[in-house]
Amino acid sequence: MKRIAVMTSGGDSPGMNAAIRAVVRTAMNYDIEVYGVRQAYTGLINGDFELLTSVEVSGILQRGGTILQTARNEEFKTTQGQKRGLRRLNEQGIQGLVIVGGNGSLTGALALHRMGFPVIGVPGSIDNDIFGTDMAIGVDSAMNVILEALDRLRDTASSHQRAFLIEVMGRNCGYLALTGGILGGAEIVVTPERPPTMEEVAAALEDAYVRGKSHAIAVIAEGAPYRATDLEKFLQQNQNIGFEIRLTILGHTQRGGSPTAFDRLLATRMGVKAVEFLRDGQSGVMVGLSGREMKAVPLEEAISKLRPISESYFENGQVSVTLTHSS
Ligand code: F6P
């Protein structure tokens, strides 16, 4: 193997640059050239490749976002788009590809593998919804942004005797909301997996008021059956919970910023492993963290379902935070 490519795809996540850097540096150690594909599958289809050397990847380990940029591409979902991408790779003499991204990106990776092209997936998404890995790149950094926001919002909530509704990301998965709620001391958490009713949220917030707390926090996952804005309307129109209510949607702030130590390490280990898997002749697998080890997880398995939140997290939430009522 003399020449490979790397790309980042789907929603960016902190640590993607560390993964690119690890791929380039590891490949260089084996005398393998690395090309970066700009803007994910869009760049693949258009043949937008750049040679990456140690110079291009120096000073990027601590940077958020992705130097290769990313995109969500519709054309690559078609057979024609996939063939065009494959043709570009062959034109460049590329013999293997590392794709860092979430479920949609890994589905594209599987398509290329099925066309006979060697591909390794690396899980990158703040949602932590990728099956087959304990953690994906970016989750820990996003969680830390959420915790900082929760701590700041609690300060102002206490000063004004307010209840805050805080919406966090997670399109189909409540991992960030649940762990954010547990670690940030929320009264109640609304996840897509186990959503309390709006009445239950009202009861939990009111309970905090009645018990004499100076503030209350509800964390709502964006993928929950109702949005935080709906909840705000409901509480304002139908309930008197005691506290004044304020709403904060953390949005894309959760995706930006320098990766944490955990994400830098995870991304580095995964990038190194991806190149080693390619060199070993593997394809159609994702690098997955299992306990302390990196494992090869078949892409079919990784995209077959969403990673479920461990039952113990819900149990923890019930005891230490509460999913339906305040402790
Ligand atoms: O998958 C990561 C994620 O940040 C989700 O939590 C969110 O729903 C989505 O991406 C937002 O996508 P976009 O940046 O395209 O608006």
# chains A, B, ... in the order shown; residues from 1 in each chain; ligands from 1
>>> residues_near_ligand(ligand="ligand 1", cutoff="12 Å", atoms="only C-alpha atoms and all ligand atoms", output="ChimeraX atom specification")
/A:9-14,65,70-73,101-105,123-130,136-139,142-143,167-177,221-224,250-256,306
>>> write_last_selection(atoms="C-alpha atoms", output="PDB file, in the first residue's frame")
ATOM      1  CA  SER A   9     -17.807  13.651   6.925  1.00  0.00           C
ATOM      2  CA  GLY A  10     -21.206  14.556   8.365  1.00  0.00           C
ATOM      3  CA  GLY A  11     -21.431  16.880  11.362  1.00  0.00           C
ATOM      4  CA  ASP A  12     -17.992  18.016  12.482  1.00  0.00           C
ATOM      5  CA  SER A  13     -16.867  16.944  15.938  1.00  0.00           C
ATOM      6  CA  PRO A  14     -13.944  18.091  18.099  1.00  0.00           C
ATOM      7  CA  GLY A  65     -13.657  21.629  13.478  1.00  0.00           C
ATOM      8  CA  THR A  70     -17.080  18.456   5.888  1.00  0.00           C
ATOM      9  CA  ALA A  71     -20.456  18.264   4.200  1.00  0.00           C
ATOM     10  CA  ARG A  72     -23.700  16.344   4.092  1.00  0.00           C
ATOM     11  CA  ASN A  73     -23.991  15.034   0.529  1.00  0.00           C
ATOM     12  CA  GLY A 101     -17.904  10.487  10.612  1.00  0.00           C
ATOM     13  CA  GLY A 102     -21.286   9.399  11.902  1.00  0.00           C
ATOM     14  CA  ASN A 103     -23.928   6.932  10.773  1.00  0.00           C
ATOM     15  CA  GLY A 104     -24.597   8.504   7.356  1.00  0.00           C
ATOM     16  CA  SER A 105     -20.890   8.723   6.604  1.00  0.00           C
ATOM     17  CA  PRO A 123     -16.667   7.018  14.542  1.00  0.00           C
ATOM     18  CA  GLY A 124     -16.957  10.795  14.859  1.00  0.00           C
ATOM     19  CA  SER A 125     -20.154  12.383  16.132  1.00  0.00           C
ATOM     20  CA  ILE A 126     -21.008  14.288  19.279  1.00  0.00           C
ATOM     21  CA  ASP A 127     -24.298  12.369  19.629  1.00  0.00           C
ATOM     22  CA  ASN A 128     -22.654   9.097  20.789  1.00  0.00           C
ATOM     23  CA  ASP A 129     -25.235   7.155  18.825  1.00  0.00           C
ATOM     24  CA  ILE A 130     -22.817   5.012  16.784  1.00  0.00           C
ATOM     25  CA  ALA A 136     -17.228   8.413  19.379  1.00  0.00           C
ATOM     26  CA  ILE A 137     -14.808  11.263  18.714  1.00  0.00           C
ATOM     27  CA  GLY A 138     -16.235  14.573  19.967  1.00  0.00           C
ATOM     28  CA  VAL A 139     -18.700  13.315  22.577  1.00  0.00           C
ATOM     29  CA  ALA A 142     -19.444  18.388  23.600  1.00  0.00           C
ATOM     30  CA  MET A 143     -20.287  17.080  27.067  1.00  0.00           C
ATOM     31  CA  GLU A 167     -31.973  22.063  24.980  1.00  0.00           C
ATOM     32  CA  VAL A 168     -28.926  20.041  23.960  1.00  0.00           C
ATOM     33  CA  MET A 169     -28.047  18.252  20.710  1.00  0.00           C
ATOM     34  CA  GLY A 170     -28.761  14.626  19.909  1.00  0.00           C
ATOM     35  CA  ARG A 171     -30.867  14.114  16.809  1.00  0.00           C
ATOM     36  CA  ASN A 172     -32.109  10.642  17.725  1.00  0.00           C
ATOM     37  CA  CYS A 173     -30.252   9.940  20.907  1.00  0.00           C
ATOM     38  CA  GLY A 174     -30.541  11.259  24.461  1.00  0.00           C
ATOM     39  CA  TYR A 175     -26.987  10.441  25.556  1.00  0.00           C
ATOM     40  CA  LEU A 176     -25.812  14.062  25.828  1.00  0.00           C
ATOM     41  CA  ALA A 177     -29.022  15.115  27.570  1.00  0.00           C
ATOM     42  CA  ALA A 221     -32.636  16.477  24.005  1.00  0.00           C
ATOM     43  CA  GLU A 222     -33.379  18.043  20.633  1.00  0.00           C
ATOM     44  CA  GLY A 223     -34.595  14.624  19.435  1.00  0.00           C
ATOM     45  CA  ALA A 224     -37.210  14.288  22.207  1.00  0.00           C
ATOM     46  CA  LEU A 250     -27.123  25.366  23.224  1.00  0.00           C
ATOM     47  CA  GLY A 251     -27.159  24.431  19.517  1.00  0.00           C
ATOM     48  CA  HIS A 252     -23.932  24.357  17.546  1.00  0.00           C
ATOM     49  CA  THR A 253     -21.812  25.758  20.391  1.00  0.00           C
ATOM     50  CA  GLN A 254     -21.663  22.088  21.423  1.00  0.00           C
ATOM     51  CA  ARG A 255     -19.825  21.167  18.231  1.00  0.00           C
ATOM     52  CA  GLY A 256     -17.085  23.786  18.376  1.00  0.00           C
ATOM     53  CA  LEU A 306     -28.248   3.198  16.975  1.00  0.00           C
TER      54      LEU A 306
END
>>> residues_around(residues="His160 of chain A", least_positions_apart="2", cutoff="12 Å", atoms="only C-alpha atoms", output="PDB file with all heavy atoms, in the first residue's frame")
ATOM      1  N   LEU A 153     -25.456  28.612  33.686  1.00  0.00           N
ATOM      2  CA  LEU A 153     -26.892  28.927  33.729  1.00  0.00           C
ATOM      3  C   LEU A 153     -27.455  28.755  35.140  1.00  0.00           C
ATOM      4  O   LEU A 153     -28.367  29.468  35.550  1.00  0.00           O
ATOM      5  CB  LEU A 153     -27.654  28.049  32.718  1.00  0.00           C
ATOM      6  CG  LEU A 153     -27.352  28.401  31.251  1.00  0.00           C
ATOM      7  CD1 LEU A 153     -27.917  27.358  30.293  1.00  0.00           C
ATOM      8  CD2 LEU A 153     -27.888  29.785  30.895  1.00  0.00           C
ATOM      9  N   ARG A 154     -26.870  27.809  35.888  1.00  0.00           N
ATOM     10  CA  ARG A 154     -27.342  27.628  37.270  1.00  0.00           C
ATOM     11  C   ARG A 154     -27.034  28.880  38.096  1.00  0.00           C
ATOM     12  O   ARG A 154     -27.834  29.297  38.927  1.00  0.00           O
ATOM     13  CB  ARG A 154     -26.718  26.393  37.902  1.00  0.00           C
ATOM     14  CG  ARG A 154     -27.444  26.012  39.197  1.00  0.00           C
ATOM     15  CD  ARG A 154     -26.853  24.839  39.945  1.00  0.00           C
ATOM     16  NE  ARG A 154     -26.578  23.691  39.112  1.00  0.00           N
ATOM     17  CZ  ARG A 154     -25.389  23.392  38.620  1.00  0.00           C
ATOM     18  NH1 ARG A 154     -24.339  24.158  38.860  1.00  0.00           N
ATOM     19  NH2 ARG A 154     -25.223  22.316  37.885  1.00  0.00           N
ATOM     20  N   ASP A 155     -25.867  29.484  37.845  1.00  0.00           N
ATOM     21  CA  ASP A 155     -25.513  30.718  38.576  1.00  0.00           C
ATOM     22  C   ASP A 155     -26.575  31.788  38.380  1.00  0.00           C
ATOM     23  O   ASP A 155     -27.070  32.380  39.343  1.00  0.00           O
ATOM     24  CB  ASP A 155     -24.175  31.287  38.061  1.00  0.00           C
ATOM     25  CG  ASP A 155     -22.994  30.436  38.476  1.00  0.00           C
ATOM     26  OD1 ASP A 155     -23.185  29.560  39.341  1.00  0.00           O
ATOM     27  OD2 ASP A 155     -21.898  30.647  37.930  1.00  0.00           O
ATOM     28  N   THR A 156     -26.926  32.023  37.131  1.00  0.00           N
ATOM     29  CA  THR A 156     -27.889  33.095  36.878  1.00  0.00           C
ATOM     30  C   THR A 156     -29.295  32.667  37.300  1.00  0.00           C
ATOM     31  O   THR A 156     -30.077  33.478  37.797  1.00  0.00           O
ATOM     32  CB  THR A 156     -27.822  33.594  35.404  1.00  0.00           C
ATOM     33  OG1 THR A 156     -28.870  34.537  35.202  1.00  0.00           O
ATOM     34  CG2 THR A 156     -27.934  32.511  34.393  1.00  0.00           C
ATOM     35  N   ALA A 157     -29.598  31.371  37.165  1.00  0.00           N
ATOM     36  CA  ALA A 157     -30.921  30.875  37.592  1.00  0.00           C
ATOM     37  C   ALA A 157     -31.105  31.106  39.090  1.00  0.00           C
ATOM     38  O   ALA A 157     -32.145  31.601  39.535  1.00  0.00           O
ATOM     39  CB  ALA A 157     -31.055  29.391  37.262  1.00  0.00           C
ATOM     40  N   SER A 158     -30.080  30.782  39.887  1.00  0.00           N
ATOM     41  CA  SER A 158     -30.162  30.941  41.346  1.00  0.00           C
ATOM     42  C   SER A 158     -30.316  32.409  41.720  1.00  0.00           C
ATOM     43  O   SER A 158     -31.044  32.747  42.655  1.00  0.00           O
ATOM     44  CB  SER A 158     -28.901  30.459  42.038  1.00  0.00           C
ATOM     45  OG  SER A 158     -28.666  29.161  41.708  1.00  0.00           O
ATOM     46  N   ARG A 162     -35.047  31.236  39.087  1.00  0.00           N
ATOM     47  CA  ARG A 162     -35.670  30.838  37.818  1.00  0.00           C
ATOM     48  C   ARG A 162     -35.473  29.345  37.542  1.00  0.00           C
ATOM     49  O   ARG A 162     -34.545  28.720  38.052  1.00  0.00           O
ATOM     50  CB  ARG A 162     -35.033  31.621  36.668  1.00  0.00           C
ATOM     51  CG  ARG A 162     -35.521  33.054  36.620  1.00  0.00           C
ATOM     52  CD  ARG A 162     -34.754  33.849  35.582  1.00  0.00           C
ATOM     53  NE  ARG A 162     -35.328  35.167  35.421  1.00  0.00           N
ATOM     54  CZ  ARG A 162     -34.697  36.205  34.895  1.00  0.00           C
ATOM     55  NH1 ARG A 162     -33.444  36.081  34.495  1.00  0.00           N
ATOM     56  NH2 ARG A 162     -35.309  37.358  34.769  1.00  0.00           N
ATOM     57  N   ALA A 163     -36.346  28.855  36.687  1.00  0.00           N
ATOM     58  CA  ALA A 163     -36.155  27.501  36.151  1.00  0.00           C
ATOM     59  C   ALA A 163     -35.663  27.653  34.720  1.00  0.00           C
ATOM     60  O   ALA A 163     -36.216  28.451  33.960  1.00  0.00           O
ATOM     61  CB  ALA A 163     -37.474  26.734  36.166  1.00  0.00           C
ATOM     62  N   PHE A 164     -34.625  26.913  34.388  1.00  0.00           N
ATOM     63  CA  PHE A 164     -34.091  26.954  33.022  1.00  0.00           C
ATOM     64  C   PHE A 164     -34.408  25.671  32.279  1.00  0.00           C
ATOM     65  O   PHE A 164     -34.212  24.562  32.808  1.00  0.00           O
ATOM     66  CB  PHE A 164     -32.574  27.157  33.051  1.00  0.00           C
ATOM     67  CG  PHE A 164     -32.185  28.600  32.906  1.00  0.00           C
ATOM     68  CD1 PHE A 164     -32.273  29.463  33.991  1.00  0.00           C
ATOM     69  CD2 PHE A 164     -31.765  29.104  31.685  1.00  0.00           C
ATOM     70  CE1 PHE A 164     -31.941  30.808  33.866  1.00  0.00           C
ATOM     71  CE2 PHE A 164     -31.430  30.439  31.543  1.00  0.00           C
ATOM     72  CZ  PHE A 164     -31.522  31.300  32.633  1.00  0.00           C
ATOM     73  N   LYS A 213     -35.754  25.336  46.739  1.00  0.00           N
ATOM     74  CA  LYS A 213     -34.532  25.518  45.941  1.00  0.00           C
ATOM     75  C   LYS A 213     -34.555  26.887  45.262  1.00  0.00           C
ATOM     76  O   LYS A 213     -35.633  27.437  44.981  1.00  0.00           O
ATOM     77  CB  LYS A 213     -34.436  24.417  44.871  1.00  0.00           C
ATOM     78  CG  LYS A 213     -33.994  23.073  45.428  1.00  0.00           C
ATOM     79  CD  LYS A 213     -33.683  22.073  44.338  1.00  0.00           C
ATOM     80  CE  LYS A 213     -32.390  22.391  43.638  1.00  0.00           C
ATOM     81  NZ  LYS A 213     -31.910  21.292  42.784  1.00  0.00           N
ATOM     82  N   SER A 214     -33.361  27.400  44.987  1.00  0.00           N
ATOM     83  CA  SER A 214     -33.297  28.736  44.365  1.00  0.00           C
ATOM     84  C   SER A 214     -33.356  28.647  42.843  1.00  0.00           C
ATOM     85  O   SER A 214     -33.416  29.654  42.156  1.00  0.00           O
ATOM     86  CB  SER A 214     -31.998  29.430  44.780  1.00  0.00           C
ATOM     87  OG  SER A 214     -30.903  28.642  44.353  1.00  0.00           O
ATOM     88  N   HIS A 215     -33.284  27.447  42.306  1.00  0.00           N
ATOM     89  CA  HIS A 215     -33.272  27.282  40.844  1.00  0.00           C
ATOM     90  C   HIS A 215     -33.740  25.875  40.499  1.00  0.00           C
ATOM     91  O   HIS A 215     -33.797  25.002  41.397  1.00  0.00           O
ATOM     92  CB  HIS A 215     -31.845  27.454  40.316  1.00  0.00           C
ATOM     93  CG  HIS A 215     -30.926  26.388  40.840  1.00  0.00           C
ATOM     94  ND1 HIS A 215     -30.198  26.559  42.000  1.00  0.00           N
ATOM     95  CD2 HIS A 215     -30.682  25.125  40.409  1.00  0.00           C
ATOM     96  CE1 HIS A 215     -29.516  25.442  42.241  1.00  0.00           C
ATOM     97  NE2 HIS A 215     -29.803  24.553  41.294  1.00  0.00           N
ATOM     98  N   ALA A 216     -34.032  25.671  39.248  1.00  0.00           N
ATOM     99  CA  ALA A 216     -34.329  24.312  38.775  1.00  0.00           C
ATOM    100  C   ALA A 216     -33.900  24.222  37.318  1.00  0.00           C
ATOM    101  O   ALA A 216     -33.943  25.214  36.589  1.00  0.00           O
ATOM    102  CB  ALA A 216     -35.819  24.012  38.907  1.00  0.00           C
ATOM    103  N   PHE A 243     -41.379  29.092  39.800  1.00  0.00           N
ATOM    104  CA  PHE A 243     -40.252  29.796  39.175  1.00  0.00           C
ATOM    105  C   PHE A 243     -40.692  30.522  37.905  1.00  0.00           C
ATOM    106  O   PHE A 243     -41.593  30.061  37.200  1.00  0.00           O
ATOM    107  CB  PHE A 243     -39.169  28.793  38.739  1.00  0.00           C
ATOM    108  CG  PHE A 243     -38.443  28.116  39.857  1.00  0.00           C
ATOM    109  CD1 PHE A 243     -38.548  26.733  40.021  1.00  0.00           C
ATOM    110  CD2 PHE A 243     -37.618  28.835  40.704  1.00  0.00           C
ATOM    111  CE1 PHE A 243     -37.852  26.092  41.027  1.00  0.00           C
ATOM    112  CE2 PHE A 243     -36.914  28.185  41.714  1.00  0.00           C
ATOM    113  CZ  PHE A 243     -37.034  26.819  41.878  1.00  0.00           C
ATOM    114  N   GLU A 244     -39.986  31.601  37.608  1.00  0.00           N
ATOM    115  CA  GLU A 244     -40.045  32.173  36.267  1.00  0.00           C
ATOM    116  C   GLU A 244     -39.287  31.211  35.347  1.00  0.00           C
ATOM    117  O   GLU A 244     -38.353  30.540  35.809  1.00  0.00           O
ATOM    118  CB  GLU A 244     -39.267  33.488  36.275  1.00  0.00           C
ATOM    119  CG  GLU A 244     -40.079  34.736  36.109  1.00  0.00           C
ATOM    120  CD  GLU A 244     -39.138  35.918  35.840  1.00  0.00           C
ATOM    121  OE1 GLU A 244     -38.004  35.930  36.345  1.00  0.00           O
ATOM    122  OE2 GLU A 244     -39.573  36.804  35.137  1.00  0.00           O
ATOM    123  N   ILE A 245     -39.640  31.212  34.088  1.00  0.00           N
ATOM    124  CA  ILE A 245     -38.990  30.231  33.187  1.00  0.00           C
ATOM    125  C   ILE A 245     -38.139  30.948  32.147  1.00  0.00           C
ATOM    126  O   ILE A 245     -38.543  31.972  31.604  1.00  0.00           O
ATOM    127  CB  ILE A 245     -40.062  29.380  32.480  1.00  0.00           C
ATOM    128  CG1 ILE A 245     -40.808  28.545  33.508  1.00  0.00           C
ATOM    129  CG2 ILE A 245     -39.450  28.473  31.417  1.00  0.00           C
ATOM    130  CD1 ILE A 245     -42.153  28.123  33.043  1.00  0.00           C
ATOM    131  N   ARG A 246     -36.981  30.375  31.865  1.00  0.00           N
ATOM    132  CA  ARG A 246     -36.136  30.847  30.760  1.00  0.00           C
ATOM    133  C   ARG A 246     -35.696  29.633  29.941  1.00  0.00           C
ATOM    134  O   ARG A 246     -35.559  28.529  30.478  1.00  0.00           O
ATOM    135  CB  ARG A 246     -34.900  31.577  31.287  1.00  0.00           C
ATOM    136  CG  ARG A 246     -35.204  32.931  31.903  1.00  0.00           C
ATOM    137  CD  ARG A 246     -35.651  33.947  30.858  1.00  0.00           C
ATOM    138  NE  ARG A 246     -35.828  35.272  31.414  1.00  0.00           N
ATOM    139  CZ  ARG A 246     -36.950  35.730  31.966  1.00  0.00           C
ATOM    140  NH1 ARG A 246     -38.018  34.940  32.058  1.00  0.00           N
ATOM    141  NH2 ARG A 246     -37.026  36.963  32.421  1.00  0.00           N
TER     142      ARG A 246
END
>>> select_by_dssp(residues="segment 72-300 of chain A", states="alpha helix (DSSP H)", output="ChimeraX atom specification")
/A:79-91,103-114,139-160,175-184,198-210,228-238,261-279,299-300
>>> residues_around(residues="Glu276 of chain A", least_positions_apart="5", cutoff="9 Å", atoms="only C-alpha atoms", output="VMD selection string")
chain A and resid 26 to 27 271 281 to 282
>>> closest_residue(among="A:Ala204, A:Gly85, A:Ile60, A:Arg194", to="Leu235 of chain A", atoms="only C-alpha atoms")
A:Ala204
>>> residues_around(residues="segment 108-118 of chain A", least_positions_apart="2", cutoff="8 Å", atoms="only C-alpha atoms", output="list of chain:residue names")
A:Phe76, A:Lys77, A:Gln82, A:Leu86, A:Gln95, A:Gly96, A:Leu97, A:Ile99, A:Gly104, A:Ser105, A:Leu106, A:Ile120, A:Gly121, A:Leu278, A:Gly281, A:Gln282, A:Ser283, A:Gly284, A:Leu299, A:Glu300
>>> write_last_selection(atoms="N, CA, C and O atoms", output="PDB file, in the first residue's frame")
ATOM      1  N   PHE A  76     -23.985  11.156  -3.114  1.00  0.00           N
ATOM      2  CA  PHE A  76     -23.259   9.911  -2.856  1.00  0.00           C
ATOM      3  C   PHE A  76     -24.190   8.793  -2.401  1.00  0.00           C
ATOM      4  O   PHE A  76     -23.801   7.622  -2.363  1.00  0.00           O
ATOM      5  N   LYS A  77     -25.443   9.159  -2.101  1.00  0.00           N
ATOM      6  CA  LYS A  77     -26.403   8.110  -1.723  1.00  0.00           C
ATOM      7  C   LYS A  77     -26.863   7.328  -2.957  1.00  0.00           C
ATOM      8  O   LYS A  77     -27.471   6.275  -2.845  1.00  0.00           O
ATOM      9  N   GLN A  82     -21.763   7.139  -6.175  1.00  0.00           N
ATOM     10  CA  GLN A  82     -20.749   6.241  -5.599  1.00  0.00           C
ATOM     11  C   GLN A  82     -19.713   5.837  -6.658  1.00  0.00           C
ATOM     12  O   GLN A  82     -18.512   5.800  -6.402  1.00  0.00           O
ATOM     13  N   LEU A  86     -15.688   6.505  -6.649  1.00  0.00           N
ATOM     14  CA  LEU A  86     -14.737   5.400  -6.830  1.00  0.00           C
ATOM     15  C   LEU A  86     -13.772   5.696  -7.972  1.00  0.00           C
ATOM     16  O   LEU A  86     -12.560   5.470  -7.883  1.00  0.00           O
ATOM     17  N   GLN A  95      -5.299   3.742  -2.726  1.00  0.00           N
ATOM     18  CA  GLN A  95      -5.528   2.299  -2.498  1.00  0.00           C
ATOM     19  C   GLN A  95      -6.329   1.993  -1.239  1.00  0.00           C
ATOM     20  O   GLN A  95      -6.618   0.836  -0.954  1.00  0.00           O
ATOM     21  N   GLY A  96      -6.662   3.009  -0.499  1.00  0.00           N
ATOM     22  CA  GLY A  96      -7.450   2.787   0.722  1.00  0.00           C
ATOM     23  C   GLY A  96      -7.943   4.125   1.236  1.00  0.00           C
ATOM     24  O   GLY A  96      -7.336   5.164   0.964  1.00  0.00           O
ATOM     25  N   LEU A  97      -9.055   4.097   1.976  1.00  0.00           N
ATOM     26  CA  LEU A  97      -9.652   5.359   2.444  1.00  0.00           C
ATOM     27  C   LEU A  97     -10.077   5.224   3.905  1.00  0.00           C
ATOM     28  O   LEU A  97     -10.681   4.213   4.296  1.00  0.00           O
ATOM     29  N   ILE A  99     -12.505   7.038   6.605  1.00  0.00           N
ATOM     30  CA  ILE A  99     -13.613   7.997   6.680  1.00  0.00           C
ATOM     31  C   ILE A  99     -13.993   8.203   8.149  1.00  0.00           C
ATOM     32  O   ILE A  99     -14.371   7.262   8.846  1.00  0.00           O
ATOM     33  N   GLY A 104     -24.434   8.282   8.795  1.00  0.00           N
ATOM     34  CA  GLY A 104     -24.597   8.504   7.356  1.00  0.00           C
ATOM     35  C   GLY A 104     -23.276   8.306   6.633  1.00  0.00           C
ATOM     36  O   GLY A 104     -23.212   7.670   5.568  1.00  0.00           O
ATOM     37  N   SER A 105     -22.216   8.816   7.219  1.00  0.00           N
ATOM     38  CA  SER A 105     -20.890   8.723   6.604  1.00  0.00           C
ATOM     39  C   SER A 105     -20.420   7.272   6.538  1.00  0.00           C
ATOM     40  O   SER A 105     -19.813   6.834   5.560  1.00  0.00           O
ATOM     41  N   LEU A 106     -20.718   6.519   7.591  1.00  0.00           N
ATOM     42  CA  LEU A 106     -20.302   5.112   7.625  1.00  0.00           C
ATOM     43  C   LEU A 106     -21.124   4.283   6.636  1.00  0.00           C
ATOM     44  O   LEU A 106     -20.657   3.275   6.097  1.00  0.00           O
ATOM     45  N   ILE A 120     -11.879   2.024   5.804  1.00  0.00           N
ATOM     46  CA  ILE A 120     -11.987   1.867   7.264  1.00  0.00           C
ATOM     47  C   ILE A 120     -12.757   3.075   7.807  1.00  0.00           C
ATOM     48  O   ILE A 120     -12.464   4.218   7.451  1.00  0.00           O
ATOM     49  N   GLY A 121     -13.730   2.809   8.652  1.00  0.00           N
ATOM     50  CA  GLY A 121     -14.503   3.881   9.278  1.00  0.00           C
ATOM     51  C   GLY A 121     -13.949   4.227  10.653  1.00  0.00           C
ATOM     52  O   GLY A 121     -13.390   3.370  11.350  1.00  0.00           O
ATOM     53  N   LEU A 278      -5.894  -0.926   7.594  1.00  0.00           N
ATOM     54  CA  LEU A 278      -5.736  -0.905   6.125  1.00  0.00           C
ATOM     55  C   LEU A 278      -4.492  -1.693   5.719  1.00  0.00           C
ATOM     56  O   LEU A 278      -4.523  -2.484   4.774  1.00  0.00           O
ATOM     57  N   GLY A 281      -4.797  -5.289   5.550  1.00  0.00           N
ATOM     58  CA  GLY A 281      -5.685  -5.802   4.498  1.00  0.00           C
ATOM     59  C   GLY A 281      -7.145  -5.834   4.899  1.00  0.00           C
ATOM     60  O   GLY A 281      -7.972  -6.442   4.220  1.00  0.00           O
ATOM     61  N   GLN A 282      -7.463  -5.157   6.000  1.00  0.00           N
ATOM     62  CA  GLN A 282      -8.879  -5.140   6.416  1.00  0.00           C
ATOM     63  C   GLN A 282      -9.640  -4.096   5.612  1.00  0.00           C
ATOM     64  O   GLN A 282      -9.078  -3.108   5.143  1.00  0.00           O
ATOM     65  N   SER A 283     -10.954  -4.292   5.513  1.00  0.00           N
ATOM     66  CA  SER A 283     -11.821  -3.303   4.868  1.00  0.00           C
ATOM     67  C   SER A 283     -13.236  -3.534   5.355  1.00  0.00           C
ATOM     68  O   SER A 283     -13.590  -4.616   5.826  1.00  0.00           O
ATOM     69  N   GLY A 284     -14.062  -2.497   5.250  1.00  0.00           N
ATOM     70  CA  GLY A 284     -15.471  -2.655   5.629  1.00  0.00           C
ATOM     71  C   GLY A 284     -15.667  -2.745   7.123  1.00  0.00           C
ATOM     72  O   GLY A 284     -16.666  -3.280   7.594  1.00  0.00           O
ATOM     73  N   LEU A 299     -18.790  -2.746   9.396  1.00  0.00           N
ATOM     74  CA  LEU A 299     -19.620  -1.558   9.140  1.00  0.00           C
ATOM     75  C   LEU A 299     -21.109  -1.914   9.102  1.00  0.00           C
ATOM     76  O   LEU A 299     -21.955  -1.136   9.535  1.00  0.00           O
ATOM     77  N   GLU A 300     -21.421  -3.113   8.581  1.00  0.00           N
ATOM     78  CA  GLU A 300     -22.838  -3.549   8.555  1.00  0.00           C
ATOM     79  C   GLU A 300     -23.430  -3.474   9.961  1.00  0.00           C
ATOM     80  O   GLU A 300     -24.545  -3.032  10.152  1.00  0.00           O
TER      81      GLU A 300
END
>>> residues_around(residues="Arg87 of chain A", least_positions_apart="3", cutoff="12 Å", atoms="only C-alpha atoms", output="list in words")
Leu44, Ile45, Asn46, Gly47, Gln80, Gly81, Gln82, Lys83, Arg84, Asn90, Glu91, Gln92, Gly93, Ile94, Gln95, Leu112, Met115 and Phe117 of chain A
>>> closest_residue(among="A:Ala302, A:Ala218, A:Val119, A:Leu68", to="Gly185 of chain A", atoms="only C-alpha atoms")
A:Ala218
>>> closest_residue(among="A:Leu89, A:Leu150, A:Met270, A:Val23", to="Tyr41 of chain A", atoms="only C-alpha atoms")
A:Leu89
>>> closest_residue(among="A:Asn17, A:Ser290, A:Gln239, A:Thr179", to="Phe314 of chain A", atoms="only C-alpha atoms")
A:Thr179
>>> residues_around(residues="Ile182 of chain A", least_positions_apart="3", cutoff="7 Å", atoms="only C-alpha atoms", output="PyMOL selection string")
chain A and resi 178-179+185-186+317+320-321
>>> select_by_dssp(residues="segment 46-167 of chain A", states="strand (DSSP E or B)", output="list in words")
Phe49, Glu50, Leu51, Leu52, Leu97, Val98, Ile99, Val100, Gly101, Val119, Ile120, Gly121, Val122, Pro123, Gly124, Ile130, Ile137, Arg162, Ala163, Phe164, Leu165, Ile166 and Glu167 of chain A
>>> atom_distance(atom1="atom CA of Val287 of chain A", atom2="atom CA of Gln39 of chain A")
21.6 Å
>>> closest_residue(among="A:Leu231, A:Ile241, A:Ala274, A:Leu266", to="Gln161 of chain A", atoms="only C-alpha atoms")
A:Ile241
>>> atom_distance(atom1="atom CA of Ala40 of chain A", atom2="atom CA of Asp280 of chain A")
24.6 Å
>>> residues_around(residues="Asp263 of chain A", least_positions_apart="4", cutoff="7 Å", atoms="only C-alpha atoms", output="NGL selection string")
:A and (15 or 137-138 or 140-141 or 259 or 267)
>>> closest_residue(among="A:Ile188, A:Val100, A:Val272, A:Ile220", to="Ala203 of chain A", atoms="only C-alpha atoms")
A:Ile188
>>> decode(residues="segment 213-226 of chain A", atoms="C-alpha atoms", output="PDB file, in the first residue's frame")
ATOM      1  CA  LYS A 213     -34.532  25.518  45.941  1.00  0.00           C
ATOM      2  CA  SER A 214     -33.297  28.736  44.365  1.00  0.00           C
ATOM      3  CA  HIS A 215     -33.272  27.282  40.844  1.00  0.00           C
ATOM      4  CA  ALA A 216     -34.329  24.312  38.775  1.00  0.00           C
ATOM      5  CA  ILE A 217     -32.978  22.847  35.551  1.00  0.00           C
ATOM      6  CA  ALA A 218     -34.583  20.663  32.913  1.00  0.00           C
ATOM      7  CA  VAL A 219     -32.375  19.280  30.133  1.00  0.00           C
ATOM      8  CA  ILE A 220     -34.154  18.436  26.904  1.00  0.00           C
ATOM      9  CA  ALA A 221     -32.636  16.477  24.005  1.00  0.00           C
ATOM     10  CA  GLU A 222     -33.379  18.043  20.633  1.00  0.00           C
ATOM     11  CA  GLY A 223     -34.595  14.624  19.435  1.00  0.00           C
ATOM     12  CA  ALA A 224     -37.210  14.288  22.207  1.00  0.00           C
ATOM     13  CA  PRO A 225     -40.885  14.029  21.182  1.00  0.00           C
ATOM     14  CA  TYR A 226     -41.395  17.697  22.041  1.00  0.00           C
TER      15      TYR A 226
END
